[in-house]
Amino acid sequence: MLNEETLSHVREVYTIESECVRDMERHFDPEQFSKAVEILKSARCIGASGCGHSGIICQHFAHLLCCIELSAKFISPAEAIHGGMGFLHEGDAIVLASRGGKTKELFPIADICKSKGVKIITVTENEDSHLAEVADVVLKQYVNRETDPYNAQGTTSSTSLAVIFHTLQTALIYETGYKNEQFAVIHPGGAVGERLNGKNVHDEK
C-alpha cells in the first residue's frame with residue numbers, strides 16, 4: 001500500500017486536471033474557434049504537428065479527424081522539413097500545437113505553409129508568441145499547472161490540448177452533418193464496430 005502522502009498527491013491530480021478543464025471555457029473565443037472550424041471544414045487535407053507531448057496529442061487529433069472522414073495526417077517536425085510537407089497545398093490547413101508558442105522546430109513548417117498558401121491554426125497559451133503571430137487563427141490554450149511536483153511534465157497541458165481538439169471534432173461533426181452510419185462503415189473492428197453494425201459476438205457460435 002502506498003503511503004498517505006503519496007496517495008494525497010495522487011488524489012490531487014484529479015483536482016488539478018478537473019479544475020483546468022472546468023476553467024478552460026473562460027478562455028474560449030467563439031470567433032476564433034468558428035474561423036478554425038471553417039478552415040478545417042473547407043480544407044482538402046489537414047496536417048497537425050507538435051513536439052513532445054503536443055506532438056502525441058496532435059497524432060490523436062489527426063486520428064479523430066480521420067474518424068469523421070476528413071483527410072488528416074500528423075507530420076513530425078523532422079519529416080516536415082525533408083519533403084514531408086508535400087501533402088499540403090493551397091487552401092489546405094495545418095494545426096501547430098505549442099503551449100509556449102516558441103517551439104523552434106515548428107517555425108520552418110509555418111514558413112513552408114505561408115509560401116504554399118496553407119492556412120495555419122496555432123494552439124498556444126502565448127498569444128504574443130511567434131507561432132501566434134504567423135497564424136491565421138489562434139486558439140487559446142489554458143493550463144493551471146502540471147500535475148507533477150515540479151510543474152514540468154506534459155500532464156495537464158496534454159489534457160488541455162486534447163480537450164481543445166475534442167471541441168473541434170465535435171463542431172466538425174455538426175457542421176459537416178457526419179452520421180454514425182458513416183462511421184460504422186469505416187469502423188467495423190472491435191466492440192465499437194460490433195455495436196455500430198448491430199452485431200453481438202456473444203450470439204455467434
# chains A, B, ... in the order shown; residues from 1 in each chain; ligands from 1
call {"tool": "residues_around", "arguments": {"residues": "stretch 107-111 of chain A", "least_positions_apart": "2", "cutoff": "8 Å", "atoms": "only C-alpha atoms", "output": "PDB file with N, CA and C atoms, in the first residue's frame"}}
result
ATOM      1  N   PRO A  77       7.975  17.262 -37.063  1.00  0.00           N
ATOM      2  CA  PRO A  77       8.782  18.406 -37.490  1.00  0.00           C
ATOM      3  C   PRO A  77      10.010  17.991 -38.282  1.00  0.00           C
ATOM      4  N   ALA A  80       8.847  16.953 -41.761  1.00  0.00           N
ATOM      5  CA  ALA A  80       8.258  18.088 -42.477  1.00  0.00           C
ATOM      6  C   ALA A  80       9.278  18.853 -43.313  1.00  0.00           C
ATOM      7  N   ILE A  81      10.478  19.037 -42.776  1.00  0.00           N
ATOM      8  CA  ILE A  81      11.476  19.848 -43.487  1.00  0.00           C
ATOM      9  C   ILE A  81      12.366  19.022 -44.402  1.00  0.00           C
ATOM     10  N   MET A  85       6.176  17.977 -46.283  1.00  0.00           N
ATOM     11  CA  MET A  85       5.088  18.947 -46.398  1.00  0.00           C
ATOM     12  C   MET A  85       4.450  18.948 -47.779  1.00  0.00           C
ATOM     13  N   THR A 103       8.169  26.891 -29.986  1.00  0.00           N
ATOM     14  CA  THR A 103       8.809  25.647 -30.415  1.00  0.00           C
ATOM     15  C   THR A 103       9.485  25.890 -31.764  1.00  0.00           C
ATOM     16  N   LYS A 104      10.795  26.042 -31.738  1.00  0.00           N
ATOM     17  CA  LYS A 104      11.524  26.447 -32.948  1.00  0.00           C
ATOM     18  C   LYS A 104      11.430  25.425 -34.072  1.00  0.00           C
ATOM     19  N   GLU A 105      11.235  24.164 -33.708  1.00  0.00           N
ATOM     20  CA  GLU A 105      11.120  23.134 -34.741  1.00  0.00           C
ATOM     21  C   GLU A 105       9.900  23.351 -35.642  1.00  0.00           C
ATOM     22  N   CYS A 113       4.246  26.692 -44.993  1.00  0.00           N
ATOM     23  CA  CYS A 113       2.805  26.886 -45.162  1.00  0.00           C
ATOM     24  C   CYS A 113       2.489  28.268 -45.724  1.00  0.00           C
ATOM     25  N   LYS A 114       3.182  29.278 -45.245  1.00  0.00           N
ATOM     26  CA  LYS A 114       2.971  30.634 -45.749  1.00  0.00           C
ATOM     27  C   LYS A 114       3.285  30.707 -47.235  1.00  0.00           C
ATOM     28  N   SER A 115       4.365  30.088 -47.649  1.00  0.00           N
ATOM     29  CA  SER A 115       4.779  30.149 -49.052  1.00  0.00           C
ATOM     30  C   SER A 115       3.852  29.346 -49.955  1.00  0.00           C
ATOM     31  N   ILE A 120      -2.853  28.356 -41.363  1.00  0.00           N
ATOM     32  CA  ILE A 120      -2.222  27.930 -40.107  1.00  0.00           C
ATOM     33  C   ILE A 120      -3.147  28.206 -38.926  1.00  0.00           C
ATOM     34  N   LEU A 131       4.600  31.843 -33.166  1.00  0.00           N
ATOM     35  CA  LEU A 131       3.655  30.958 -33.837  1.00  0.00           C
ATOM     36  C   LEU A 131       2.240  31.523 -33.837  1.00  0.00           C
ATOM     37  N   VAL A 134       2.175  34.365 -36.720  1.00  0.00           N
ATOM     38  CA  VAL A 134       2.150  33.920 -38.118  1.00  0.00           C
ATOM     39  C   VAL A 134       0.878  33.143 -38.455  1.00  0.00           C
TER      40      VAL A 134
END
call {"tool": "residues_around", "arguments": {"residues": "A:Thr122", "least_positions_apart": "6", "cutoff": "9 Å", "atoms": "only C-alpha atoms", "output": "list in words"}}
result
Ile94, Val95, Leu96, Ala97, Ser98, Gly101, Leu131, Ala132, Val134, Ala135, Asp136, Val137, Val138, Leu139 and Lys140 of chain A
call {"tool": "write_last_selection", "arguments": {"atoms": "N, CA and C atoms", "output": "PDB file, in the first residue's frame"}}
result
ATOM      1  N   ILE A  94      -3.072  23.463 -41.565  1.00  0.00           N
ATOM      2  CA  ILE A  94      -2.232  22.754 -40.600  1.00  0.00           C
ATOM      3  C   ILE A  94      -2.499  23.315 -39.213  1.00  0.00           C
ATOM      4  N   VAL A  95      -2.480  22.429 -38.224  1.00  0.00           N
ATOM      5  CA  VAL A  95      -2.626  22.814 -36.824  1.00  0.00           C
ATOM      6  C   VAL A  95      -1.268  22.645 -36.161  1.00  0.00           C
ATOM      7  N   LEU A  96      -0.755  23.734 -35.618  1.00  0.00           N
ATOM      8  CA  LEU A  96       0.533  23.709 -34.918  1.00  0.00           C
ATOM      9  C   LEU A  96       0.278  23.890 -33.427  1.00  0.00           C
ATOM     10  N   ALA A  97       0.688  22.915 -32.637  1.00  0.00           N
ATOM     11  CA  ALA A  97       0.445  22.960 -31.195  1.00  0.00           C
ATOM     12  C   ALA A  97       1.741  23.228 -30.452  1.00  0.00           C
ATOM     13  N   SER A  98       1.750  24.313 -29.687  1.00  0.00           N
ATOM     14  CA  SER A  98       2.924  24.669 -28.887  1.00  0.00           C
ATOM     15  C   SER A  98       2.452  25.499 -27.707  1.00  0.00           C
ATOM     16  N   GLY A 101       4.323  28.571 -27.636  1.00  0.00           N
ATOM     17  CA  GLY A 101       4.367  29.252 -28.921  1.00  0.00           C
ATOM     18  C   GLY A 101       5.765  29.528 -29.429  1.00  0.00           C
ATOM     19  N   LEU A 131       4.600  31.843 -33.166  1.00  0.00           N
ATOM     20  CA  LEU A 131       3.655  30.958 -33.837  1.00  0.00           C
ATOM     21  C   LEU A 131       2.240  31.523 -33.837  1.00  0.00           C
ATOM     22  N   ALA A 132       1.923  32.331 -32.845  1.00  0.00           N
ATOM     23  CA  ALA A 132       0.628  33.013 -32.831  1.00  0.00           C
ATOM     24  C   ALA A 132       0.606  34.135 -33.867  1.00  0.00           C
ATOM     25  N   VAL A 134       2.175  34.365 -36.720  1.00  0.00           N
ATOM     26  CA  VAL A 134       2.150  33.920 -38.118  1.00  0.00           C
ATOM     27  C   VAL A 134       0.878  33.143 -38.455  1.00  0.00           C
ATOM     28  N   ALA A 135       0.029  32.891 -37.458  1.00  0.00           N
ATOM     29  CA  ALA A 135      -1.156  32.056 -37.665  1.00  0.00           C
ATOM     30  C   ALA A 135      -2.309  32.845 -38.279  1.00  0.00           C
ATOM     31  N   ASP A 136      -3.153  32.129 -38.987  1.00  0.00           N
ATOM     32  CA  ASP A 136      -4.409  32.701 -39.475  1.00  0.00           C
ATOM     33  C   ASP A 136      -5.454  32.706 -38.369  1.00  0.00           C
ATOM     34  N   VAL A 137      -5.345  31.731 -37.481  1.00  0.00           N
ATOM     35  CA  VAL A 137      -6.249  31.620 -36.338  1.00  0.00           C
ATOM     36  C   VAL A 137      -5.448  31.151 -35.131  1.00  0.00           C
ATOM     37  N   VAL A 138      -5.739  31.724 -33.969  1.00  0.00           N
ATOM     38  CA  VAL A 138      -5.090  31.305 -32.727  1.00  0.00           C
ATOM     39  C   VAL A 138      -6.149  30.809 -31.755  1.00  0.00           C
ATOM     40  N   LEU A 139      -5.981  29.583 -31.300  1.00  0.00           N
ATOM     41  CA  LEU A 139      -6.855  29.030 -30.275  1.00  0.00           C
ATOM     42  C   LEU A 139      -6.101  29.056 -28.951  1.00  0.00           C
ATOM     43  N   LYS A 140      -6.677  29.744 -27.993  1.00  0.00           N
ATOM     44  CA  LYS A 140      -6.031  29.937 -26.698  1.00  0.00           C
ATOM     45  C   LYS A 140      -6.060  28.664 -25.864  1.00  0.00           C
TER      46      LYS A 140
END
call {"tool": "select_by_dssp", "arguments": {"residues": "stretch 24-122 of chain A", "states": "helix (DSSP H, G or I)", "output": "tab-separated table (two decimals) with C-alpha atoms, in the first residue's frame"}}
result
chain	number	residue	atom	x	y	z
A	24	MET	CA	-10.87	26.36	-19.95
A	25	GLU	CA	-14.26	27.65	-21.04
A	26	ARG	CA	-13.38	31.12	-19.70
A	27	HIS	CA	-10.67	31.30	-22.38
A	30	PRO	CA	-16.18	31.77	-30.25
A	31	GLU	CA	-14.95	33.95	-33.12
A	32	GLN	CA	-11.51	32.39	-33.40
A	33	PHE	CA	-12.96	28.93	-32.84
A	34	SER	CA	-15.53	29.43	-35.61
A	35	LYS	CA	-12.79	30.54	-38.01
A	36	ALA	CA	-10.76	27.45	-37.17
A	37	VAL	CA	-13.72	25.15	-37.82
A	38	GLU	CA	-14.43	26.83	-41.16
A	39	ILE	CA	-10.80	26.44	-42.23
A	40	LEU	CA	-10.75	22.76	-41.28
A	41	LYS	CA	-14.13	22.07	-42.87
A	42	SER	CA	-13.01	23.66	-46.16
A	52	GLY	CA	6.93	16.03	-27.40
A	53	HIS	CA	3.58	15.59	-25.68
A	54	SER	CA	1.98	18.15	-28.00
A	55	GLY	CA	3.02	16.03	-30.96
A	56	ILE	CA	1.49	12.92	-29.40
A	57	ILE	CA	-1.83	14.72	-28.88
A	58	CYS	CA	-1.62	16.01	-32.47
A	59	GLN	CA	-1.47	12.38	-33.60
A	60	HIS	CA	-4.67	11.81	-31.63
A	61	PHE	CA	-6.25	14.83	-33.34
A	62	ALA	CA	-5.34	13.60	-36.81
A	63	HIS	CA	-6.96	10.26	-35.99
A	64	LEU	CA	-10.09	11.99	-34.67
A	65	LEU	CA	-10.44	13.82	-37.99
A	66	CYS	CA	-9.96	10.60	-39.95
A	67	CYS	CA	-12.78	9.09	-37.86
A	77	PRO	CA	8.78	18.41	-37.49
A	78	ALA	CA	11.80	16.40	-38.67
A	79	GLU	CA	9.94	14.80	-41.57
A	80	ALA	CA	8.26	18.09	-42.48
A	84	GLY	CA	7.08	15.74	-45.92
A	85	MET	CA	5.09	18.95	-46.40
A	86	GLY	CA	4.35	17.98	-50.00
A	87	PHE	CA	0.96	16.57	-48.97
A	104	LYS	CA	11.52	26.45	-32.95
A	105	GLU	CA	11.12	23.13	-34.74
A	106	LEU	CA	7.72	24.37	-35.92
A	107	PHE	CA	8.98	27.68	-37.37
A	108	PRO	CA	10.13	26.17	-40.70
A	109	ILE	CA	6.77	24.43	-41.05
A	110	ALA	CA	4.99	27.78	-40.68
A	111	ASP	CA	7.30	29.30	-43.29
A	112	ILE	CA	6.55	26.49	-45.75
A	113	CYS	CA	2.81	26.89	-45.16
A	114	LYS	CA	2.97	30.63	-45.75
A	115	SER	CA	4.78	30.15	-49.05
A	116	LYS	CA	2.29	27.49	-50.20
call {"tool": "closest_residue", "arguments": {"among": "A:Val10, A:Ala152, A:Val118, A:Val192", "to": "A:Asp92", "atoms": "only C-alpha atoms"}}
result
A:Val118
call {"tool": "select_by_dssp", "arguments": {"residues": "stretch 18-204 of chain A", "states": "strand (DSSP E or B)", "output": "PDB file with N, CA and C atoms, in the first residue's frame"}}
result
ATOM      1  N   ILE A  46      -5.599  18.093 -44.098  1.00  0.00           N
ATOM      2  CA  ILE A  46      -5.244  18.775 -42.854  1.00  0.00           C
ATOM      3  C   ILE A  46      -4.007  18.126 -42.252  1.00  0.00           C
ATOM      4  N   GLY A  47      -3.058  18.961 -41.854  1.00  0.00           N
ATOM      5  CA  GLY A  47      -1.876  18.484 -41.161  1.00  0.00           C
ATOM      6  C   GLY A  47      -1.928  18.899 -39.700  1.00  0.00           C
ATOM      7  N   ALA A  48      -1.200  18.191 -38.859  1.00  0.00           N
ATOM      8  CA  ALA A  48      -1.090  18.548 -37.451  1.00  0.00           C
ATOM      9  C   ALA A  48       0.337  18.257 -37.009  1.00  0.00           C
ATOM     10  N   SER A  49       0.928  19.193 -36.268  1.00  0.00           N
ATOM     11  CA  SER A  49       2.317  18.997 -35.861  1.00  0.00           C
ATOM     12  C   SER A  49       2.595  19.632 -34.509  1.00  0.00           C
ATOM     13  N   GLY A  50       3.497  18.996 -33.786  1.00  0.00           N
ATOM     14  CA  GLY A  50       3.946  19.495 -32.496  1.00  0.00           C
ATOM     15  C   GLY A  50       5.096  18.626 -32.029  1.00  0.00           C
ATOM     16  N   ALA A  72      -6.621  13.737 -42.822  1.00  0.00           N
ATOM     17  CA  ALA A  72      -5.716  14.371 -41.876  1.00  0.00           C
ATOM     18  C   ALA A  72      -4.506  13.491 -41.630  1.00  0.00           C
ATOM     19  N   LYS A  73      -3.394  14.141 -41.307  1.00  0.00           N
ATOM     20  CA  LYS A  73      -2.147  13.416 -41.083  1.00  0.00           C
ATOM     21  C   LYS A  73      -1.286  14.168 -40.081  1.00  0.00           C
ATOM     22  N   PHE A  74      -0.703  13.437 -39.138  1.00  0.00           N
ATOM     23  CA  PHE A  74       0.320  14.026 -38.276  1.00  0.00           C
ATOM     24  C   PHE A  74       1.629  14.063 -39.048  1.00  0.00           C
ATOM     25  N   ALA A  93      -4.895  23.044 -44.653  1.00  0.00           N
ATOM     26  CA  ALA A  93      -4.696  23.621 -43.325  1.00  0.00           C
ATOM     27  C   ALA A  93      -3.726  22.795 -42.500  1.00  0.00           C
ATOM     28  N   ILE A  94      -3.072  23.463 -41.565  1.00  0.00           N
ATOM     29  CA  ILE A  94      -2.232  22.754 -40.600  1.00  0.00           C
ATOM     30  C   ILE A  94      -2.499  23.315 -39.213  1.00  0.00           C
ATOM     31  N   VAL A  95      -2.480  22.429 -38.224  1.00  0.00           N
ATOM     32  CA  VAL A  95      -2.626  22.814 -36.824  1.00  0.00           C
ATOM     33  C   VAL A  95      -1.268  22.645 -36.161  1.00  0.00           C
ATOM     34  N   LEU A  96      -0.755  23.734 -35.618  1.00  0.00           N
ATOM     35  CA  LEU A  96       0.533  23.709 -34.918  1.00  0.00           C
ATOM     36  C   LEU A  96       0.278  23.890 -33.427  1.00  0.00           C
ATOM     37  N   ALA A  97       0.688  22.915 -32.637  1.00  0.00           N
ATOM     38  CA  ALA A  97       0.445  22.960 -31.195  1.00  0.00           C
ATOM     39  C   ALA A  97       1.741  23.228 -30.452  1.00  0.00           C
ATOM     40  N   LYS A 119      -3.331  27.347 -44.737  1.00  0.00           N
ATOM     41  CA  LYS A 119      -3.819  28.063 -43.557  1.00  0.00           C
ATOM     42  C   LYS A 119      -3.218  27.471 -42.282  1.00  0.00           C
ATOM     43  N   ILE A 120      -2.853  28.356 -41.363  1.00  0.00           N
ATOM     44  CA  ILE A 120      -2.222  27.930 -40.107  1.00  0.00           C
ATOM     45  C   ILE A 120      -3.147  28.206 -38.926  1.00  0.00           C
ATOM     46  N   ILE A 121      -3.416  27.164 -38.155  1.00  0.00           N
ATOM     47  CA  ILE A 121      -4.127  27.294 -36.882  1.00  0.00           C
ATOM     48  C   ILE A 121      -3.132  26.969 -35.778  1.00  0.00           C
ATOM     49  N   THR A 122      -2.872  27.918 -34.909  1.00  0.00           N
ATOM     50  CA  THR A 122      -1.940  27.699 -33.805  1.00  0.00           C
ATOM     51  C   THR A 122      -2.714  27.544 -32.494  1.00  0.00           C
ATOM     52  N   VAL A 123      -2.372  26.527 -31.738  1.00  0.00           N
ATOM     53  CA  VAL A 123      -2.931  26.337 -30.402  1.00  0.00           C
ATOM     54  C   VAL A 123      -1.812  26.616 -29.405  1.00  0.00           C
ATOM     55  N   THR A 124      -2.006  27.648 -28.577  1.00  0.00           N
ATOM     56  CA  THR A 124      -0.934  28.067 -27.671  1.00  0.00           C
ATOM     57  C   THR A 124      -1.485  28.861 -26.495  1.00  0.00           C
ATOM     58  N   VAL A 137      -5.345  31.731 -37.481  1.00  0.00           N
ATOM     59  CA  VAL A 137      -6.249  31.620 -36.338  1.00  0.00           C
ATOM     60  C   VAL A 137      -5.448  31.151 -35.131  1.00  0.00           C
ATOM     61  N   VAL A 138      -5.739  31.724 -33.969  1.00  0.00           N
ATOM     62  CA  VAL A 138      -5.090  31.305 -32.727  1.00  0.00           C
ATOM     63  C   VAL A 138      -6.149  30.809 -31.755  1.00  0.00           C
ATOM     64  N   LEU A 139      -5.981  29.583 -31.300  1.00  0.00           N
ATOM     65  CA  LEU A 139      -6.855  29.030 -30.275  1.00  0.00           C
ATOM     66  C   LEU A 139      -6.101  29.056 -28.951  1.00  0.00           C
ATOM     67  N   LYS A 140      -6.677  29.744 -27.993  1.00  0.00           N
ATOM     68  CA  LYS A 140      -6.031  29.937 -26.698  1.00  0.00           C
ATOM     69  C   LYS A 140      -6.060  28.664 -25.864  1.00  0.00           C
TER      70      LYS A 140
END
call {"tool": "atom_distance", "arguments": {"atom1": "atom CA of A:Ser129", "atom2": "atom CA of A:Gln141"}}
result
12.7 Å
call {"tool": "atom_distance", "arguments": {"atom1": "atom CA of A:Ile164", "atom2": "atom CA of A:Glu125"}}
result
12.1 Å
call {"tool": "residues_around", "arguments": {"residues": "A:Pro149", "least_positions_apart": "6", "cutoff": "12 Å", "atoms": "only C-alpha atoms", "output": "PyMOL selection string"}}
result
chain A and resi 6+9-10+12-13+16+155
call {"tool": "write_last_selection", "arguments": {"atoms": "N, CA and C atoms", "output": "compact mmCIF listing (two decimals), in the first residue's frame"}}
result
# COMPACT_ATOMS: atom_id res chain seq x y z
N THR A 6 1.88 10.06 -0.53
CA THR A 6 1.82 9.78 -1.97
C THR A 6 0.38 9.71 -2.44
N HIS A 9 -1.12 13.12 -2.93
CA HIS A 9 -0.68 13.77 -4.17
C HIS A 9 -1.36 13.15 -5.39
N VAL A 10 -1.58 11.85 -5.33
CA VAL A 10 -2.28 11.17 -6.42
C VAL A 10 -3.70 11.71 -6.55
N GLU A 12 -4.72 14.56 -5.70
CA GLU A 12 -4.65 15.95 -6.15
C GLU A 12 -4.62 16.06 -7.68
N VAL A 13 -4.12 15.01 -8.34
CA VAL A 13 -4.09 15.00 -9.81
C VAL A 13 -5.50 15.19 -10.36
N ILE A 16 -6.47 18.90 -9.90
CA ILE A 16 -5.75 19.81 -10.80
C ILE A 16 -6.31 19.74 -12.22
N THR A 155 1.54 16.94 -18.50
CA THR A 155 0.39 16.18 -18.00
C THR A 155 -0.91 16.96 -18.21
call {"tool": "residues_around", "arguments": {"residues": "stretch 180-184 of chain A", "least_positions_apart": "5", "cutoff": "8 Å", "atoms": "only C-alpha atoms", "output": "PyMOL selection string"}}
result
chain A and resi 67-68+193+196-197
call {"tool": "closest_residue", "arguments": {"among": "A:Ile186, A:Met1, A:Val143, A:Cys20", "to": "A:Arg99", "atoms": "only C-alpha atoms"}}
result
A:Val143
call {"tool": "closest_residue", "arguments": {"among": "A:Ile75, A:Tyr142, A:His130, A:Asp148", "to": "A:Leu161", "atoms": "only C-alpha atoms"}}
result
A:Tyr142
call {"tool": "atom_distance", "arguments": {"atom1": "atom CA of A:Tyr174", "atom2": "atom CA of A:Glu127"}}
result
28.0 Å
call {"tool": "closest_residue", "arguments": {"among": "A:Asp23, A:Glu4, A:Glu69, A:Asp29", "to": "A:Thr176", "atoms": "only C-alpha atoms"}}
result
A:Glu69
